Amino acid sequence: MLALNNYLIVSAILFSIGCIGVLTKRNAIVIFMCVELMLNAVNLSFIAFSRYLGNLDGQIFVFFVMTVAAAEAAVGLALMIAFYKNRESIDVEDINVMKL
Amino acid sequence: MESIFFIVVAAVAVISSLLVITCKNPINSALSLVMTFFCLATFYVMLDAPFLAVTQVIVYAGAIMVLIIFVIMLLNIRTETAKRSSHAVFAGSALGIFVLFQTCLFLMRGGMTGAPGPLDHAAIVKAGHVELIGKALFTDFLLPFEITSILLLAAIVGAVILAKKKI
């Protein structure tokens, strides 16, 4: 069986790639996909820790993360469609209605 | 053998996730993300969690990505219109690399602690992964499970209300 650190390093790399994507992209849907990538990186850590500690709680937590991600996908994409109807764009720089 | 397989899958996962943030077309990003999800499902199988791997493929690579691709096609976004200013790209990348550096530092310095539980490969194979998850979900984690159902109900209602003609 491989060392735990291998999985954790892959998880860290995926998380930072998702982080870079969230901070540098302008398209709201791509940002959304990067958030999903970060959630998945954390899921990988959860499952790796759960396996190496011989404890099932981490895997149950992954279930709840998946459920929250599904709910987030439904509401987030509905918000983007509503925004696109108003502004004809999903560029995050255009979301400035509440700016002073 | 296992380590070679791990390296190949990890390389595919990292490259496809890099494609997610470098592709110009959002559809290409979405397809690369599906590839990353499949690689993660492979990792879950290697970590003796086959049921979670199946859930990953069905829920993430199936349901959520279909929803995202559907919205991309509905809104008909061809390409990334304009980039952020180079300062923003530089600062964002620097912050991301800093996060990676810090995590690797923690991993080098520290080790895993905690009382080891009873589960190992033999126990999981003997009892069955689905049965173990089901037992934990419906005994120890019953309250969070029920709260999750309320969360999903709220998400459905929210999505329907947001999708109405006049908000």
# chains A, B, ... in the order shown; residues from 1 in each chain; ligands from 1

call {"tool": "interface_residues", "arguments": {"of": "chain B", "to": "chain A", "cutoff": "7 Å", "atoms": "only C-alpha atoms", "output": "PDB file with C-alpha atoms, in the first residue's frame"}}
result
ATOM      1  CA  SER B   3       3.107   2.940  -7.509  1.00  0.00           C
ATOM      2  CA  ALA B  10      -1.905  11.254 -10.743  1.00  0.00           C
ATOM      3  CA  VAL B  14      -2.976  16.979 -12.683  1.00  0.00           C
ATOM      4  CA  SER B  17      -7.038  19.805 -14.082  1.00  0.00           C
ATOM      5  CA  LEU B  18      -4.439  22.177 -15.553  1.00  0.00           C
ATOM      6  CA  ILE B  21      -7.922  26.437 -16.108  1.00  0.00           C
ATOM      7  CA  PRO B  26     -15.639  26.389 -21.387  1.00  0.00           C
ATOM      8  CA  LEU B  47      -8.187   3.431  -1.342  1.00  0.00           C
ATOM      9  CA  ILE B  64     -23.315  17.824 -11.998  1.00  0.00           C
ATOM     10  CA  GLU B  80     -13.525  33.399 -22.771  1.00  0.00           C
ATOM     11  CA  LYS B  83      -8.655  37.960 -19.636  1.00  0.00           C
ATOM     12  CA  ARG B  84      -8.276  39.559 -16.272  1.00  0.00           C
ATOM     13  CA  ALA B  88      -4.758  39.866 -11.132  1.00  0.00           C
ATOM     14  CA  VAL B  89      -3.484  36.756 -12.930  1.00  0.00           C
ATOM     15  CA  GLY B  92      -3.882  34.815  -8.133  1.00  0.00           C
ATOM     16  CA  SER B  93      -1.239  32.387  -9.389  1.00  0.00           C
ATOM     17  CA  GLY B  96      -2.245  29.486  -5.408  1.00  0.00           C
ATOM     18  CA  ILE B  97       1.406  28.454  -5.552  1.00  0.00           C
ATOM     19  CA  VAL B  99      -0.987  27.563  -0.830  1.00  0.00           C
ATOM     20  CA  LEU B 100       0.648  24.564  -2.508  1.00  0.00           C
ATOM     21  CA  THR B 103       0.685  22.494   2.261  1.00  0.00           C
ATOM     22  CA  CYS B 104       3.780  20.623   1.086  1.00  0.00           C
ATOM     23  CA  LEU B 107       3.228  17.441   4.834  1.00  0.00           C
ATOM     24  CA  PRO B 116      -6.240   3.767  14.411  1.00  0.00           C
ATOM     25  CA  GLY B 117      -9.704   2.333  13.881  1.00  0.00           C
ATOM     26  CA  PRO B 118     -10.722  -1.263  13.244  1.00  0.00           C
ATOM     27  CA  LEU B 119     -11.094  -1.114   9.467  1.00  0.00           C
ATOM     28  CA  ASP B 120      -8.476  -2.565   7.164  1.00  0.00           C
ATOM     29  CA  ILE B 133     -21.375   2.972   4.763  1.00  0.00           C
ATOM     30  CA  LEU B 137     -25.147   6.559   7.687  1.00  0.00           C
ATOM     31  CA  LEU B 152     -31.766  19.367  -0.995  1.00  0.00           C
ATOM     32  CA  ALA B 155     -32.004  23.824  -3.140  1.00  0.00           C
ATOM     33  CA  GLY B 158     -34.442  27.931  -4.665  1.00  0.00           C
ATOM     34  CA  ALA B 159     -33.577  26.758  -8.172  1.00  0.00           C
ATOM     35  CA  LEU B 162     -34.599  31.633  -9.478  1.00  0.00           C
ATOM     36  CA  ALA B 163     -35.522  30.134 -12.846  1.00  0.00           C
TER      37      ALA B 163
END

call {"tool": "residues_around", "arguments": {"residues": "Val97 in chain A", "least_positions_apart": "2", "cutoff": "12 Å", "atoms": "only C-alpha atoms", "output": "JSON, numbers by chain"}}
result
{"A": [83, 86, 87, 92, 93, 94, 95, 99, 100]}

call {"tool": "select_by_dssp", "arguments": {"residues": "range 75-140 of chain B", "states": "alpha helix (DSSP H)", "output": "MDAnalysis selection string"}}
result
chainID B and resid 75 86:109 121:127 129:138

call {"tool": "atom_distance", "arguments": {"atom1": "CA of Leu143 in chain B", "atom2": "CA of Leu52 in chain B"}}
result
20.5 Å

call {"tool": "atom_distance", "arguments": {"atom1": "CA of Ala49 in chain B", "atom2": "CA of Ile124 in chain B"}}
result
8.8 Å

call {"tool": "atom_distance", "arguments": {"atom1": "CA of Val71 in chain B", "atom2": "CA of Leu33 in chain B"}}
result
15.4 Å

call {"tool": "closest_residue", "arguments": {"among": "B:Val34, B:Met1, B:Ala94, B:Ala115", "to": "Ala63 in chain B", "atoms": "only C-alpha atoms"}}
result
B:Val34

call {"tool": "decode", "arguments": {"residues": "range 60-88 of chain A", "atoms": "N, CA and C atoms", "output": "PDB file, in the first residue's frame"}}
result
ATOM      1  N   ILE A  60     -18.084   9.078   5.229  1.00  0.00           N
ATOM      2  CA  ILE A  60     -19.440   9.606   5.379  1.00  0.00           C
ATOM      3  C   ILE A  60     -19.439  11.108   5.096  1.00  0.00           C
ATOM      4  N   PHE A  61     -18.371  11.773   5.547  1.00  0.00           N
ATOM      5  CA  PHE A  61     -18.295  13.220   5.320  1.00  0.00           C
ATOM      6  C   PHE A  61     -18.236  13.522   3.828  1.00  0.00           C
ATOM      7  N   VAL A  62     -17.548  12.666   3.068  1.00  0.00           N
ATOM      8  CA  VAL A  62     -17.486  12.874   1.626  1.00  0.00           C
ATOM      9  C   VAL A  62     -18.882  12.855   1.014  1.00  0.00           C
ATOM     10  N   PHE A  63     -19.751  12.002   1.559  1.00  0.00           N
ATOM     11  CA  PHE A  63     -21.141  11.981   1.081  1.00  0.00           C
ATOM     12  C   PHE A  63     -21.801  13.335   1.258  1.00  0.00           C
ATOM     13  N   PHE A  64     -21.608  13.921   2.444  1.00  0.00           N
ATOM     14  CA  PHE A  64     -22.258  15.203   2.689  1.00  0.00           C
ATOM     15  C   PHE A  64     -21.663  16.289   1.803  1.00  0.00           C
ATOM     16  N   VAL A  65     -20.333  16.214   1.554  1.00  0.00           N
ATOM     17  CA  VAL A  65     -19.729  17.194   0.648  1.00  0.00           C
ATOM     18  C   VAL A  65     -20.343  17.068  -0.744  1.00  0.00           C
ATOM     19  N   MET A  66     -20.549  15.824  -1.196  1.00  0.00           N
ATOM     20  CA  MET A  66     -21.144  15.621  -2.524  1.00  0.00           C
ATOM     21  C   MET A  66     -22.560  16.182  -2.576  1.00  0.00           C
ATOM     22  N   THR A  67     -23.328  15.975  -1.501  1.00  0.00           N
ATOM     23  CA  THR A  67     -24.700  16.492  -1.486  1.00  0.00           C
ATOM     24  C   THR A  67     -24.707  18.007  -1.548  1.00  0.00           C
ATOM     25  N   VAL A  68     -23.822  18.633  -0.745  1.00  0.00           N
ATOM     26  CA  VAL A  68     -23.763  20.094  -0.760  1.00  0.00           C
ATOM     27  C   VAL A  68     -23.333  20.587  -2.135  1.00  0.00           C
ATOM     28  N   ALA A  69     -22.397  19.861  -2.783  1.00  0.00           N
ATOM     29  CA  ALA A  69     -21.960  20.268  -4.122  1.00  0.00           C
ATOM     30  C   ALA A  69     -23.102  20.188  -5.114  1.00  0.00           C
ATOM     31  N   ALA A  70     -23.938  19.150  -4.988  1.00  0.00           N
ATOM     32  CA  ALA A  70     -25.074  19.032  -5.917  1.00  0.00           C
ATOM     33  C   ALA A  70     -26.057  20.170  -5.713  1.00  0.00           C
ATOM     34  N   ALA A  71     -26.358  20.486  -4.439  1.00  0.00           N
ATOM     35  CA  ALA A  71     -27.279  21.591  -4.149  1.00  0.00           C
ATOM     36  C   ALA A  71     -26.707  22.901  -4.657  1.00  0.00           C
ATOM     37  N   GLU A  72     -25.391  23.080  -4.451  1.00  0.00           N
ATOM     38  CA  GLU A  72     -24.711  24.289  -4.897  1.00  0.00           C
ATOM     39  C   GLU A  72     -24.772  24.405  -6.413  1.00  0.00           C
ATOM     40  N   ALA A  73     -24.604  23.264  -7.112  1.00  0.00           N
ATOM     41  CA  ALA A  73     -24.657  23.296  -8.579  1.00  0.00           C
ATOM     42  C   ALA A  73     -26.026  23.764  -9.043  1.00  0.00           C
ATOM     43  N   ALA A  74     -27.090  23.207  -8.432  1.00  0.00           N
ATOM     44  CA  ALA A  74     -28.447  23.577  -8.863  1.00  0.00           C
ATOM     45  C   ALA A  74     -28.688  25.064  -8.644  1.00  0.00           C
ATOM     46  N   VAL A  75     -28.421  25.553  -7.431  1.00  0.00           N
ATOM     47  CA  VAL A  75     -28.728  26.958  -7.133  1.00  0.00           C
ATOM     48  C   VAL A  75     -27.784  27.894  -7.875  1.00  0.00           C
ATOM     49  N   GLY A  76     -26.478  27.546  -7.919  1.00  0.00           N
ATOM     50  CA  GLY A  76     -25.506  28.418  -8.571  1.00  0.00           C
ATOM     51  C   GLY A  76     -25.794  28.593 -10.046  1.00  0.00           C
ATOM     52  N   LEU A  77     -26.127  27.486 -10.727  1.00  0.00           N
ATOM     53  CA  LEU A  77     -26.381  27.606 -12.162  1.00  0.00           C
ATOM     54  C   LEU A  77     -27.683  28.351 -12.417  1.00  0.00           C
ATOM     55  N   ALA A  78     -28.683  28.192 -11.533  1.00  0.00           N
ATOM     56  CA  ALA A  78     -29.914  28.975 -11.681  1.00  0.00           C
ATOM     57  C   ALA A  78     -29.614  30.460 -11.527  1.00  0.00           C
ATOM     58  N   LEU A  79     -28.738  30.792 -10.557  1.00  0.00           N
ATOM     59  CA  LEU A  79     -28.341  32.196 -10.379  1.00  0.00           C
ATOM     60  C   LEU A  79     -27.650  32.728 -11.625  1.00  0.00           C
ATOM     61  N   MET A  80     -26.772  31.900 -12.228  1.00  0.00           N
ATOM     62  CA  MET A  80     -26.057  32.369 -13.424  1.00  0.00           C
ATOM     63  C   MET A  80     -27.021  32.610 -14.575  1.00  0.00           C
ATOM     64  N   ILE A  81     -28.019  31.714 -14.720  1.00  0.00           N
ATOM     65  CA  ILE A  81     -28.990  31.915 -15.806  1.00  0.00           C
ATOM     66  C   ILE A  81     -29.783  33.193 -15.569  1.00  0.00           C
ATOM     67  N   ALA A  82     -30.181  33.439 -14.303  1.00  0.00           N
ATOM     68  CA  ALA A  82     -30.924  34.655 -13.990  1.00  0.00           C
ATOM     69  C   ALA A  82     -30.072  35.886 -14.279  1.00  0.00           C
ATOM     70  N   PHE A  83     -28.775  35.808 -13.944  1.00  0.00           N
ATOM     71  CA  PHE A  83     -27.886  36.942 -14.196  1.00  0.00           C
ATOM     72  C   PHE A  83     -27.704  37.168 -15.697  1.00  0.00           C
ATOM     73  N   TYR A  84     -27.581  36.059 -16.448  1.00  0.00           N
ATOM     74  CA  TYR A  84     -27.387  36.178 -17.896  1.00  0.00           C
ATOM     75  C   TYR A  84     -28.603  36.812 -18.554  1.00  0.00           C
ATOM     76  N   LYS A  85     -29.812  36.514 -18.004  1.00  0.00           N
ATOM     77  CA  LYS A  85     -31.022  37.109 -18.568  1.00  0.00           C
ATOM     78  C   LYS A  85     -30.989  38.620 -18.412  1.00  0.00           C
ATOM     79  N   ASN A  86     -30.431  39.117 -17.297  1.00  0.00           N
ATOM     80  CA  ASN A  86     -30.412  40.550 -17.051  1.00  0.00           C
ATOM     81  C   ASN A  86     -29.292  41.255 -17.801  1.00  0.00           C
ATOM     82  N   ARG A  87     -28.108  40.638 -17.844  1.00  0.00           N
ATOM     83  CA  ARG A  87     -26.925  41.356 -18.305  1.00  0.00           C
ATOM     84  C   ARG A  87     -26.358  40.866 -19.625  1.00  0.00           C
ATOM     85  N   GLU A  88     -26.850  39.752 -20.150  1.00  0.00           N
ATOM     86  CA  GLU A  88     -26.306  39.173 -21.387  1.00  0.00           C
ATOM     87  C   GLU A  88     -24.827  38.839 -21.258  1.00  0.00           C
TER      88      GLU A  88
END
